[in-house]
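K.L.:
Coordinates in protein05.cif, mmCIF, C-alpha atoms, are listed below.
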```cif
data_query
loop_
_atom_site.label_atom_id
_atom_site.label_comp_id
_atom_site.auth_asym_id
_atom_site.auth_seq_id
_atom_site.Cartn_x
_atom_site.Cartn_y
_atom_site.Cartn_z
CA MET A 190 0.00 0.00 0.00
CA SER A 191 1.29 3.43 -0.95
CA GLN A 192 2.22 5.95 1.69
CA SER A 193 2.47 9.63 1.03
CA ARG A 194 5.77 11.23 1.87
CA PHE A 195 4.71 14.86 2.36
CA GLN A 196 2.24 16.62 4.61
CA PRO A 197 0.17 19.74 4.00
CA GLY A 198 2.20 22.78 4.96
CA GLU A 199 5.52 21.14 4.17
CA ARG A 200 8.00 23.01 1.96
CA VAL A 201 9.10 21.05 -1.09
CA SER A 202 11.22 21.65 -4.18
CA VAL A 203 10.48 20.43 -7.69
CA ILE A 204 13.28 18.28 -9.04
CA ARG A 205 15.08 19.65 -12.10
CA ARG A 206 14.53 16.84 -14.48
CA TYR A 207 14.13 17.14 -18.26
CA PRO A 208 12.94 13.80 -19.60
CA HIS A 209 12.06 13.50 -23.25
CA HIS A 210 9.11 11.26 -22.56
CA HIS A 211 5.65 12.57 -21.68
CA HIS A 212 5.55 14.19 -18.27
CA ARG A 213 3.25 16.58 -16.43
CA ALA A 214 5.64 18.80 -14.47
CA PRO A 215 5.72 22.09 -16.37
CA ASP A 216 8.99 23.92 -16.99
CA TYR A 217 8.13 27.03 -14.97
CA ILE A 218 8.17 25.17 -11.65
CA LYS A 219 11.20 22.95 -12.15
CA GLY A 220 13.76 23.71 -9.47
CA ARG A 221 11.25 25.91 -7.60
CA THR A 222 10.11 25.67 -4.01
CA GLY A 223 6.56 25.77 -2.70
CA VAL A 224 4.25 24.44 -0.02
CA ILE A 225 2.14 21.27 -0.08
CA GLU A 226 -1.52 22.32 -0.02
CA ARG A 227 -3.14 18.89 0.44
CA LEU A 228 -2.94 15.27 -0.63
CA CYS A 229 -5.30 14.74 -3.56
CA GLY A 230 -4.89 10.99 -3.64
CA ILE A 231 -2.70 8.30 -5.18
CA PHE A 232 -2.73 8.04 -8.96
CA GLY A 233 -1.05 6.14 -11.76
CA ASN A 234 2.13 7.72 -13.10
CA PRO A 235 1.29 9.39 -16.43
CA GLU A 236 4.88 9.03 -17.61
CA THR A 237 4.51 5.30 -18.01
CA LEU A 238 0.76 5.27 -18.70
CA ALA A 239 1.50 7.36 -21.79
CA HIS A 240 4.04 4.85 -23.11
CA HIS A 241 2.39 1.44 -22.72
CA GLY A 242 3.33 1.17 -19.07
CA ASP A 243 1.10 0.32 -16.13
CA GLY A 244 1.50 3.60 -14.20
CA LYS A 245 3.17 1.84 -11.26
CA PRO A 246 4.36 2.62 -8.77
CA GLU A 247 1.38 4.89 -8.26
CA GLN A 248 2.24 8.33 -7.00
CA PRO A 249 0.70 10.57 -4.36
CA LEU A 250 -0.48 13.79 -6.00
CA TYR A 251 -0.32 17.20 -4.31
CA PRO A 252 -1.24 20.74 -5.29
CA VAL A 253 1.86 22.77 -4.42
CA ARG A 254 1.44 26.48 -3.78
CA PHE A 255 4.10 28.85 -5.12
CA ASP A 256 4.64 32.58 -4.65
CA VAL A 257 4.50 34.34 -8.00
CA GLN A 258 7.56 36.45 -7.24
CA HIS A 259 9.54 33.26 -6.72
CA LEU A 260 8.37 31.91 -10.07
CA TRP A 261 8.36 35.03 -12.23
CA GLY A 262 10.55 37.58 -10.48
CA PRO A 263 9.91 41.10 -11.81
CA ARG A 264 7.12 39.86 -14.11
CA ALA A 265 4.97 39.02 -11.07
CA GLU A 266 1.94 41.31 -10.81
CA GLN A 267 1.44 41.47 -7.06
CA PRO A 268 3.56 40.03 -4.25
CA ASN A 269 0.69 38.26 -2.53
CA ASP A 270 -0.46 36.34 -5.65
CA THR A 271 0.01 32.58 -5.77
CA ILE A 272 -0.06 29.69 -8.23
CA GLU A 273 -1.00 26.12 -7.36
CA VAL A 274 0.21 23.30 -9.54
CA GLU A 275 -0.60 19.61 -9.09
CA ILE A 276 2.59 17.62 -8.84
CA TYR A 277 3.25 13.89 -8.50
CA GLU A 278 5.41 12.91 -5.55
CA HIS A 279 8.31 11.57 -7.58
CA TRP A 280 8.93 15.12 -8.80
CA LEU A 281 9.31 16.48 -5.26
CA GLU A 282 11.99 16.53 -2.64
CA PRO A 283 12.11 18.23 0.75
CA ALA A 284 13.14 21.87 0.41
CA ALA A 285 16.72 22.57 1.42
CA MET B 342 16.80 10.60 -20.50
CA SER B 343 18.57 13.89 -21.12
CA GLU B 344 19.33 16.29 -18.30
CA GLU B 345 19.84 19.24 -20.63
CA PRO B 346 17.19 21.77 -19.64
CA TYR B 347 14.58 22.30 -22.32
CA ARG B 348 10.96 23.40 -22.53
CA PRO B 349 8.67 21.02 -24.44
CA HIS B 350 6.84 22.81 -27.21
CA HIS B 351 3.38 22.32 -25.70
CA ASP B 352 4.50 23.69 -22.31
CA LEU B 353 3.22 27.23 -22.70
CA ALA B 354 3.15 28.78 -19.23
CA GLY B 355 4.65 32.25 -19.15
CA LEU B 356 5.27 32.62 -22.88
CA GLU B 357 4.36 35.89 -24.56
CA ALA B 358 1.10 35.83 -26.48
CA GLY B 359 -1.49 38.15 -27.92
CA PRO B 360 -5.00 38.86 -26.68
CA VAL B 361 -7.41 36.07 -25.81
CA ASP B 362 -9.74 35.39 -28.73
CA ARG B 363 -13.14 35.14 -27.05
CA VAL B 364 -15.13 34.11 -30.13
CA GLU B 365 -17.35 31.19 -29.22
CA HIS B 366 -18.45 28.58 -31.68
CA ASN B 367 -20.22 25.29 -31.40
CA PRO B 368 -17.92 22.42 -32.34
CA ALA B 369 -18.55 21.14 -35.86
CA HIS B 370 -20.21 17.75 -36.11
CA TRP B 371 -16.94 16.05 -37.05
CA GLU B 372 -15.31 17.58 -33.96
CA LYS B 373 -18.03 16.14 -31.73
CA GLN B 374 -17.40 12.79 -33.39
CA VAL B 375 -13.71 13.04 -32.48
CA ASP B 376 -14.58 13.96 -28.92
CA ALA B 377 -16.98 11.01 -28.72
CA MET B 378 -14.30 8.78 -30.21
CA LEU B 379 -11.95 9.61 -27.36
CA THR B 380 -14.65 9.17 -24.74
CA LEU B 381 -15.63 5.76 -26.08
CA LEU B 382 -12.11 4.44 -26.79
CA SER B 383 -10.99 5.43 -23.30
CA ASP B 384 -13.98 4.16 -21.35
CA GLU B 385 -13.88 1.15 -19.05
CA LYS B 386 -15.65 -1.08 -21.53
CA ARG B 387 -13.02 -0.62 -24.21
CA GLY B 388 -9.88 0.73 -22.49
CA LEU B 389 -8.17 1.09 -25.88
CA LEU B 390 -6.79 4.57 -25.40
CA ARG B 391 -5.65 6.42 -22.31
CA VAL B 392 -5.87 10.19 -21.99
CA ASP B 393 -2.13 10.10 -21.21
CA GLU B 394 -1.53 8.42 -24.55
CA LEU B 395 -3.65 10.99 -26.36
CA ARG B 396 -1.58 13.76 -24.79
CA ARG B 397 1.67 11.98 -25.59
CA GLY B 398 0.55 11.53 -29.17
CA ILE B 399 -0.32 15.22 -29.51
CA GLU B 400 3.00 16.22 -27.99
CA SER B 401 4.80 13.98 -30.47
CA LEU B 402 3.28 15.60 -33.56
CA GLY B 403 6.06 18.18 -33.68
CA PRO B 404 6.05 21.96 -33.22
CA GLN B 405 4.73 22.80 -36.66
CA ALA B 406 1.75 20.49 -36.40
CA TYR B 407 1.10 21.66 -32.86
CA ASP B 408 1.02 25.29 -33.94
CA GLU B 409 -0.84 24.88 -37.24
CA LEU B 410 -3.42 22.17 -36.66
CA SER B 411 -6.65 22.98 -34.86
CA TYR B 412 -7.50 21.41 -31.52
CA TYR B 413 -9.52 18.48 -32.83
CA GLU B 414 -7.19 18.02 -35.81
CA ARG B 415 -4.44 17.36 -33.28
CA TRP B 416 -6.75 14.94 -31.48
CA ILE B 417 -7.59 12.89 -34.54
CA GLU B 418 -3.92 12.71 -35.57
CA SER B 419 -3.05 11.47 -32.09
CA ILE B 420 -5.90 8.96 -31.99
CA ARG B 421 -4.81 7.66 -35.38
CA LEU B 422 -1.23 7.32 -34.18
CA ILE B 423 -2.18 5.38 -31.06
CA MET B 424 -4.72 3.14 -32.79
CA VAL B 425 -2.11 2.18 -35.40
CA GLU B 426 0.50 1.72 -32.67
CA LYS B 427 -1.80 -0.71 -30.90
CA GLY B 428 -2.79 -2.55 -34.05
CA VAL B 429 -6.48 -1.64 -33.80
CA VAL B 430 -6.32 -0.29 -37.33
CA SER B 431 -3.50 -0.16 -39.86
CA GLU B 432 -2.19 2.77 -41.87
CA ALA B 433 -3.02 0.81 -45.01
CA GLU B 434 -6.65 0.45 -43.98
CA ILE B 435 -6.90 4.13 -43.18
CA ALA B 436 -5.31 5.16 -46.48
CA GLU B 437 -7.58 2.78 -48.40
CA ARG B 438 -10.67 4.09 -46.72
CA ILE B 439 -9.76 7.75 -47.24
CA ASP B 440 -9.16 6.95 -50.89
CA ALA B 441 -12.49 5.16 -51.23
CA LEU B 442 -14.35 7.98 -49.48
CA SER B 443 -12.79 10.66 -51.64
CA LYS B 444 -13.72 8.77 -54.80
CA ALA B 445 -17.29 8.24 -53.64
CA THR B 446 -17.88 11.92 -52.93
CA PRO B 447 -18.77 13.84 -56.12
CA MET C 1496 -28.26 17.64 -33.91
CA ASN C 1497 -28.22 21.06 -32.26
CA GLN C 1498 -26.10 21.83 -29.28
CA PRO C 1499 -27.72 24.63 -27.28
CA HIS C 1500 -25.72 27.81 -27.52
CA ASP C 1501 -24.32 28.88 -24.21
CA HIS C 1502 -25.84 32.27 -23.35
CA ASP C 1503 -23.50 32.91 -20.49
CA HIS C 1504 -21.28 35.52 -22.09
CA GLN C 1505 -21.24 38.99 -20.71
CA HIS C 1506 -20.11 40.86 -23.79
CA PRO C 1507 -21.35 40.61 -27.36
CA HIS C 1508 -18.95 38.87 -29.71
CA PRO C 1509 -19.04 37.50 -33.23
CA PHE C 1510 -20.48 34.01 -33.57
CA GLN C 1511 -18.86 31.63 -36.02
CA PRO C 1512 -21.04 29.15 -37.89
CA ASP C 1513 -20.25 25.45 -37.89
CA ASP C 1514 -17.90 24.58 -40.69
CA ASP C 1515 -19.66 21.37 -41.72
CA ALA C 1516 -20.61 22.81 -45.09
CA GLY C 1517 -18.26 22.78 -48.08
CA GLU C 1518 -15.31 20.61 -49.09
CA PRO C 1519 -14.24 18.14 -46.42
CA THR C 1520 -10.72 18.87 -45.26
CA HIS C 1521 -8.07 16.16 -45.04
CA HIS C 1522 -8.71 15.82 -41.33
CA MET C 1523 -12.46 15.60 -41.77
CA GLN C 1524 -11.82 12.73 -44.16
CA LEU C 1525 -9.49 11.14 -41.65
CA VAL C 1526 -12.19 11.35 -38.99
CA ARG C 1527 -14.71 9.79 -41.31
CA ALA C 1528 -12.36 6.98 -42.29
CA LEU C 1529 -11.24 6.19 -38.77
CA ARG C 1530 -14.74 6.35 -37.42
CA GLU C 1531 -16.10 4.00 -40.07
CA LEU C 1532 -13.28 1.53 -39.51
CA LEU C 1533 -13.76 1.54 -35.74
CA ILE C 1534 -17.51 1.01 -36.11
CA GLU C 1535 -17.04 -1.75 -38.68
CA LYS C 1536 -14.62 -3.49 -36.36
CA GLY C 1537 -17.26 -3.36 -33.61
CA ILE C 1538 -15.21 -1.09 -31.35
CA TYR C 1539 -18.27 1.09 -30.83
CA ASP C 1540 -21.59 1.74 -32.53
CA GLY C 1541 -23.67 4.70 -33.66
CA ASP C 1542 -25.90 4.61 -30.59
CA GLU C 1543 -22.97 4.84 -28.23
CA GLU C 1544 -21.57 7.69 -30.27
CA ARG C 1545 -24.91 9.50 -30.15
CA GLN C 1546 -25.09 9.12 -26.37
CA ALA C 1547 -21.53 10.37 -25.93
CA ILE C 1548 -22.38 13.45 -28.00
CA GLU C 1549 -25.54 14.11 -25.99
CA ARG C 1550 -23.55 13.96 -22.76
CA MET C 1551 -21.30 16.79 -23.92
CA VAL C 1552 -23.94 19.25 -22.76
CA ALA C 1553 -23.03 20.42 -19.32
CA ARG C 1554 -24.98 18.70 -16.65
CA ALA C 1555 -25.10 21.95 -14.77
CA TRP C 1556 -27.12 23.45 -17.62
CA ALA C 1557 -29.25 20.46 -18.51
CA ASP C 1558 -30.35 20.06 -14.91
CA PRO C 1559 -30.86 23.45 -13.19
CA THR C 1560 -31.36 21.92 -9.76
CA TYR C 1561 -27.99 20.20 -10.09
CA LYS C 1562 -26.32 23.56 -10.69
CA GLU C 1563 -27.96 24.87 -7.53
CA ARG C 1564 -26.68 21.91 -5.55
CA LEU C 1565 -23.24 22.31 -7.07
CA LEU C 1566 -23.02 25.91 -6.05
CA ALA C 1567 -24.50 25.26 -2.64
CA ASN C 1568 -22.18 22.42 -1.78
CA GLY C 1569 -19.47 21.68 -4.30
CA ALA C 1570 -18.00 18.74 -2.41
CA ALA C 1571 -21.32 16.92 -2.14
CA ALA C 1572 -22.22 17.61 -5.75
CA ALA C 1573 -18.77 16.41 -6.76
CA GLU C 1574 -19.41 13.18 -4.91
CA GLU C 1575 -22.64 12.83 -6.83
CA ILE C 1576 -20.59 12.99 -10.01
CA GLY C 1577 -18.07 10.63 -8.51
CA VAL C 1578 -20.75 7.97 -8.40
CA GLU C 1579 -20.89 8.24 -12.19
CA VAL C 1580 -17.31 8.86 -13.19
CA GLY C 1581 -15.23 7.21 -10.50
CA PRO C 1582 -13.24 8.66 -7.59
CA THR C 1583 -14.13 12.26 -6.78
CA ARG C 1584 -11.71 14.39 -8.67
CA LEU C 1585 -13.28 17.81 -8.39
CA ILE C 1586 -11.78 20.52 -6.23
CA VAL C 1587 -14.02 23.51 -5.64
CA VAL C 1588 -12.07 26.64 -4.80
CA GLU C 1589 -14.01 29.44 -3.17
CA ASN C 1590 -13.59 33.12 -3.94
CA THR C 1591 -13.71 35.51 -0.99
CA GLU C 1592 -13.37 39.23 -0.51
CA GLN C 1593 -9.59 38.75 -0.38
CA LEU C 1594 -9.01 35.87 -2.79
CA HIS C 1595 -9.86 35.37 -6.44
CA ASN C 1596 -9.25 31.98 -8.03
CA VAL C 1597 -8.73 31.25 -11.72
CA ILE C 1598 -8.38 27.87 -13.45
CA VAL C 1599 -6.14 26.93 -16.36
CA CYS C 1600 -4.39 23.93 -17.85
CA THR C 1601 -1.13 25.30 -19.22
CA LEU C 1602 -0.03 21.94 -20.68
CA CYS C 1603 -3.21 21.11 -22.61
CA SER C 1604 -6.91 21.72 -21.82
CA CYS C 1605 -7.92 19.80 -18.69
CA TYR C 1606 -11.35 21.03 -17.64
CA PRO C 1607 -14.22 19.82 -15.41
CA ARG C 1608 -16.25 18.63 -18.38
CA TRP C 1609 -18.88 16.70 -16.48
CA VAL C 1610 -19.78 19.89 -14.62
CA LEU C 1611 -19.24 22.60 -17.20
CA GLY C 1612 -19.50 20.75 -20.52
CA LEU C 1613 -16.99 21.26 -23.33
CA PRO C 1614 -14.37 23.92 -22.66
CA PRO C 1615 -14.55 27.14 -24.67
CA ALA C 1616 -12.02 27.49 -27.48
CA TRP C 1617 -10.12 30.26 -25.68
CA TYR C 1618 -9.49 28.05 -22.64
CA LYS C 1619 -7.66 25.57 -24.89
CA ALA C 1620 -5.72 28.16 -26.88
CA ARG C 1621 -2.23 29.50 -26.48
CA ALA C 1622 -2.96 33.05 -25.32
CA TYR C 1623 -4.94 32.03 -22.22
CA ARG C 1624 -2.75 29.09 -21.30
CA SER C 1625 0.47 31.06 -21.52
CA ARG C 1626 -0.65 34.41 -20.08
CA VAL C 1627 -3.07 33.76 -17.24
CA VAL C 1628 -0.39 32.23 -15.01
CA VAL C 1629 1.88 35.26 -15.31
CA GLU C 1630 -0.46 38.20 -16.00
CA PRO C 1631 -3.91 37.20 -14.75
CA ARG C 1632 -5.25 40.75 -14.32
CA PRO C 1633 -4.78 41.87 -17.93
CA VAL C 1634 -6.31 38.56 -19.04
CA LEU C 1635 -9.29 39.06 -16.73
CA ALA C 1636 -9.61 42.63 -17.99
CA GLU C 1637 -10.10 41.19 -21.51
CA PHE C 1638 -13.16 39.47 -20.06
CA GLY C 1639 -14.35 42.75 -18.55
CA THR C 1640 -13.27 41.79 -15.05
CA GLU C 1641 -11.51 44.16 -12.67
CA LEU C 1642 -10.45 43.05 -9.23
CA GLY C 1643 -9.95 45.21 -6.15
CA GLY C 1644 -6.39 46.38 -5.55
CA ASP C 1645 -5.70 44.17 -2.54
CA MET C 1646 -7.15 41.01 -3.97
CA GLU C 1647 -4.89 37.98 -4.06
CA VAL C 1648 -5.13 36.13 -7.34
CA ARG C 1649 -4.50 32.40 -7.13
CA VAL C 1650 -4.15 30.55 -10.42
CA HIS C 1651 -4.72 26.78 -10.37
CA ASP C 1652 -2.84 24.92 -13.08
CA SER C 1653 -4.64 21.60 -13.46
CA THR C 1654 -1.71 19.56 -14.68
CA ALA C 1655 -2.79 16.18 -13.35
CA ASP C 1656 -5.82 14.15 -12.26
CA MET C 1657 -7.90 16.73 -10.43
CA ARG C 1658 -10.28 19.17 -12.05
CA TYR C 1659 -11.12 22.55 -10.62
CA MET C 1660 -14.14 24.79 -10.37
CA VAL C 1661 -14.42 28.25 -8.87
CA LEU C 1662 -17.22 28.99 -6.44
CA PRO C 1663 -17.78 32.72 -6.99
CA ALA C 1664 -18.17 35.11 -4.09
CA ARG C 1665 -21.68 36.36 -3.59
CA PRO C 1666 -21.80 39.85 -5.06
CA ALA C 1667 -23.03 42.92 -3.21
CA GLY C 1668 -26.63 43.81 -3.95
CA THR C 1669 -27.98 40.26 -3.86
CA GLU C 1670 -29.26 40.25 -0.30
CA GLY C 1671 -32.58 38.46 -0.09
CA TRP C 1672 -32.22 36.82 -3.49
CA SER C 1673 -33.62 33.34 -4.03
CA GLU C 1674 -31.29 30.40 -4.72
CA GLU C 1675 -32.69 30.32 -8.21
CA ALA C 1676 -31.90 33.96 -8.89
CA LEU C 1677 -28.38 33.63 -7.51
CA THR C 1678 -27.72 30.51 -9.53
CA ALA C 1679 -28.84 32.27 -12.68
CA ILE C 1680 -26.14 34.94 -12.51
CA ILE C 1681 -23.34 32.44 -11.99
CA THR C 1682 -22.09 31.65 -15.46
CA ARG C 1683 -19.60 29.17 -16.86
CA ASP C 1684 -16.99 31.94 -17.05
CA CYS C 1685 -17.52 32.68 -13.34
CA MET C 1686 -16.82 29.03 -12.59
CA ILE C 1687 -13.56 29.16 -14.55
CA GLY C 1688 -12.74 32.39 -12.72
CA VAL C 1689 -12.38 34.83 -15.60
CA THR C 1690 -15.50 36.75 -14.59
CA VAL C 1691 -17.47 37.51 -11.45
CA PRO C 1692 -21.26 37.34 -11.22
CA GLN C 1693 -22.91 40.44 -12.58
CA VAL C 1694 -25.84 42.02 -10.77
CA PRO C 1695 -28.13 43.56 -13.38
CA SER C 1696 -28.86 47.19 -12.57
CA LYS C 1697 -32.62 46.68 -12.52
CA HIS C 1698 -33.36 43.29 -11.12
CA ASP C 1699 -36.47 41.65 -9.78
CA PRO C 1700 -35.22 38.86 -7.50
CA HIS C 1701 -38.55 37.04 -7.67
#
```
Take the structure in the file and write it out as structure tokens.
P.N.:
Amino acid sequence: MSQSRFQPGERVSVIRRYPHHHHRAPDYIKGRTGVIERLCGIFGNPETLAHHGDGKPEQPLYPVRFDVQHLWGPRAEQPNDTIEVEIYEHWLEPAA
Amino acid sequence: MSEEPYRPHHDLAGLEAGPVDRVEHNPAHWEKQVDAMLTLLSDEKRGLLRVDELRRGIESLGPQAYDELSYYERWIESIRLIMVEKGVVSEAEIAERIDALSKATP
Amino acid sequence: MNQPHDHDHQHPHPFQPDDDAGEPTHHMQLVRALRELLIEKGIYDGDEERQAIERMVARAWADPTYKERLLANGAAAAEEIGVEVGPTRLIVVENTEQLHNVIVCTLCSCYPRWVLGLPPAWYKARAYRSRVVVEPRPVLAEFGTELGGDMEVRVHDSTADMRYMVLPARPAGTEGWSEEALTAIITRDCMIGVTVPQVPSKHDPH
């Protein structure tokens, strides 16, 4: 049975990984740090589901909340704005 | 797997773009047929196509196709790719049928 | 078969006719060929296709009481859907006086279809997908929406298995309104987060 590694409120970083197969971590958050908002559930891994795989091991899925200034720097509109992106656990590591 | 940073072509967040085109239109009948095709192929009864595969297929069409084809044109190209990949239909069958249909239409 | 036109827009705009008339394009021929082959091979039949097309109409519009329930209690209504489509995968995010939520799928076009029907073309297109995560206020302004200066904007990028819906904040001037009247001013665009409910200047809440 799958366990989830991260708890809501925990700070995590998105791993800088650039696979050439299908993946659902967008470029703008790679290497960035945010906060786990909740655990959505455990789901099949789209990276293998997309390529004849079985989606295992299934991955916990979390919306991670980022500050826009951290993501966009001077392009950010207002300092208190946020972006939440759903990220599979294997893309996350504890923030340094 | 390459570790050279790159942004996949379909990964659009933060790119510069013009105004949002708010024109609404009902999907054409053929577009609804494509949508239904995905729904049916990916349902539990059939399980012949996963949404992940559809996305992967679209992403594999290449930047030019991604930019120039319409939304449902990308879908049907991806569905075709996956159905041929899985041996549900063959390219030869598709080509034959397109040929037959184009001859039948005046 | 006619799909009802969605009268939820708040500004007039040109309406494009279906492009079924005229020479079939290469892709239209491809659709026809693939569809015929799949039907001939018994993968699906015309009845199933017809049903799938009928279900593209948003449940929230086909069943007005469902929309009321959805807006009254998103989680419970989502569970209702879950009975039909599997594990509950709808997250309802609530707007407040301090927080405005907006939904996007920057990687493709993920959308809560069983609640809102087919996504509008702009939701799936490059301009919205690329810009709303970095400049949400100018994008919202293109929809006629202006937010208060202190408002936090939170953009939800639905990159994975969950689908999102915005529960709009109740606008000023709707005190004493019936559920029915409130539901009527909450449009699809409000539930994506690009607009807020509009209170008509002369309104009879009954």
K.L.:
Once the PyMOL selection byres ((chain C and resi 1664) around 8) is applied to the coordinates I shared, what remains selected? I want it as a PDB file with C-alpha atoms, keeping the file's coordinate frame.
P.N.:
```
ATOM      1  CA  GLU C1589     -14.010  29.440  -3.170  1.00  0.00           C
ATOM      2  CA  ASN C1590     -13.590  33.120  -3.940  1.00  0.00           C
ATOM      3  CA  THR C1591     -13.710  35.510  -0.990  1.00  0.00           C
ATOM      4  CA  GLU C1592     -13.370  39.230  -0.510  1.00  0.00           C
ATOM      5  CA  LEU C1662     -17.220  28.990  -6.440  1.00  0.00           C
ATOM      6  CA  PRO C1663     -17.780  32.720  -6.990  1.00  0.00           C
ATOM      7  CA  ARG C1665     -21.680  36.360  -3.590  1.00  0.00           C
ATOM      8  CA  PRO C1666     -21.800  39.850  -5.060  1.00  0.00           C
ATOM      9  CA  VAL C1691     -17.470  37.510 -11.450  1.00  0.00           C
TER      10      VAL C1691
END
```
K.L.:
Just want the 10 Å neighbourhood of B:Leu381, counted on all atoms listed in the file, with same-chain residues fewer than 5 positions away dropped. Output as a list in words.
P.N.:
Val375, Asp376, Lys386, Arg387, Gly388, Leu389 and Leu390 of chain B; Ile1538, Tyr1539, Asp1540, Glu1543, Glu1544 and Ala1547 of chain C
K.L.:
Mind dumping the selected residues with C-alpha atoms as a short mmCIF file (atom, residue, chain, number, x, y, z; two decimals), keeping the file's coordinate frame?
P.N.:
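part.cif was written with the following content:
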```cif
data_model
loop_
_atom_site.label_atom_id
_atom_site.label_comp_id
_atom_site.auth_asym_id
_atom_site.auth_seq_id
_atom_site.Cartn_x
_atom_site.Cartn_y
_atom_site.Cartn_z
CA VAL B 375 -13.71 13.04 -32.48
CA ASP B 376 -14.58 13.96 -28.92
CA LYS B 386 -15.65 -1.08 -21.53
CA ARG B 387 -13.02 -0.62 -24.21
CA GLY B 388 -9.88 0.73 -22.49
CA LEU B 389 -8.17 1.09 -25.88
CA LEU B 390 -6.79 4.57 -25.40
CA ILE C 1538 -15.21 -1.09 -31.35
CA TYR C 1539 -18.27 1.09 -30.83
CA ASP C 1540 -21.59 1.74 -32.53
CA GLU C 1543 -22.97 4.84 -28.23
CA GLU C 1544 -21.57 7.69 -30.27
CA ALA C 1547 -21.53 10.37 -25.93
#
```
K.L.:
Would you pick out the contacts of stretch 349-361 of chain B at 6 Å or less, using only C-alpha atoms, so that residues sharing its chain but fewer than 2 positions from it are not included, and give the list as an MDAnalysis selection string?
P.N.:
(chainID B and resid 363) or (chainID C and resid 1601:1602 1622:1623 1625:1626 1629)
K.L.:
Using all atoms listed in the file, which residue out of A:Gly230, A:Pro246, A:Gly262, A:Gly198 lies closest to C:Met1657?
P.N.:
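Looking at the shortest contact to C:Met1657, the residue is A:Gly230.
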K.L.:
For chain B, which residues have at least one atom within 10 Å of chain A, if we go by all atoms listed in the file? Write them as a CSV table (one decimal) with C-alpha atoms, in the coordinates of the input, please.
P.N.:
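The resulting file, iface-v3.csv, is shown below:
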```csv
chain,number,residue,atom,x,y,z
B,342,MET,CA,16.8,10.6,-20.5
B,343,SER,CA,18.6,13.9,-21.1
B,344,GLU,CA,19.3,16.3,-18.3
B,345,GLU,CA,19.8,19.2,-20.6
B,346,PRO,CA,17.2,21.8,-19.6
B,347,TYR,CA,14.6,22.3,-22.3
B,348,ARG,CA,11.0,23.4,-22.5
B,349,PRO,CA,8.7,21.0,-24.4
B,351,HIS,CA,3.4,22.3,-25.7
B,352,ASP,CA,4.5,23.7,-22.3
B,353,LEU,CA,3.2,27.2,-22.7
B,354,ALA,CA,3.2,28.8,-19.2
B,355,GLY,CA,4.6,32.2,-19.2
B,390,LEU,CA,-6.8,4.6,-25.4
B,391,ARG,CA,-5.6,6.4,-22.3
B,392,VAL,CA,-5.9,10.2,-22.0
B,393,ASP,CA,-2.1,10.1,-21.2
B,394,GLU,CA,-1.5,8.4,-24.6
B,395,LEU,CA,-3.6,11.0,-26.4
B,396,ARG,CA,-1.6,13.8,-24.8
B,397,ARG,CA,1.7,12.0,-25.6
B,398,GLY,CA,0.6,11.5,-29.2
B,400,GLU,CA,3.0,16.2,-28.0
B,401,SER,CA,4.8,14.0,-30.5
B,427,LYS,CA,-1.8,-0.7,-30.9
```
K.L.:
Counting all atoms listed in the file, which of A:Gly223, A:Gly233, A:Gly244, A:Pro283 gets nearest to chain C?
P.N.:
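That would be A:Gly233, the residue with the smallest distance to chain C.
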K.L.:
Give me, as a ChimeraX atom specification, the residues of chain C touching chain A, with the criterion being at most 6 Å (counting all atoms listed in the file).
P.N.:
/C:1647-1652,1654-1655
K.L.:
Store the residues of this selection in a file with C-alpha atoms, as a PDB file, keeping the file's coordinate frame.
P.N.:
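Now in part13.pdb:
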```pdb
ATOM      1  CA  GLU C1647      -4.890  37.980  -4.060  1.00  0.00           C
ATOM      2  CA  VAL C1648      -5.130  36.130  -7.340  1.00  0.00           C
ATOM      3  CA  ARG C1649      -4.500  32.400  -7.130  1.00  0.00           C
ATOM      4  CA  VAL C1650      -4.150  30.550 -10.420  1.00  0.00           C
ATOM      5  CA  HIS C1651      -4.720  26.780 -10.370  1.00  0.00           C
ATOM      6  CA  ASP C1652      -2.840  24.920 -13.080  1.00  0.00           C
ATOM      7  CA  THR C1654      -1.710  19.560 -14.680  1.00  0.00           C
ATOM      8  CA  ALA C1655      -2.790  16.180 -13.350  1.00  0.00           C
TER       9      ALA C1655
END
```
K.L.:
Counting only C-alpha atoms, which residue out of B:Gln374, B:Ser383, B:Ser419, B:Gln405 sits closest to chain C?
P.N.:
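Using only C-alpha atoms, the shortest distance to chain C belongs to B:Gln374.
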K.L.:
How would you write, as an MDAnalysis selection string, the residues chosen by the PyMOL selection byres ((chain B and resi 442-444) around 10) on this structure?
P.N.:
(chainID B and resid 436:441 445:447) or (chainID C and resid 1519 1521 1524:1525 1527:1528)
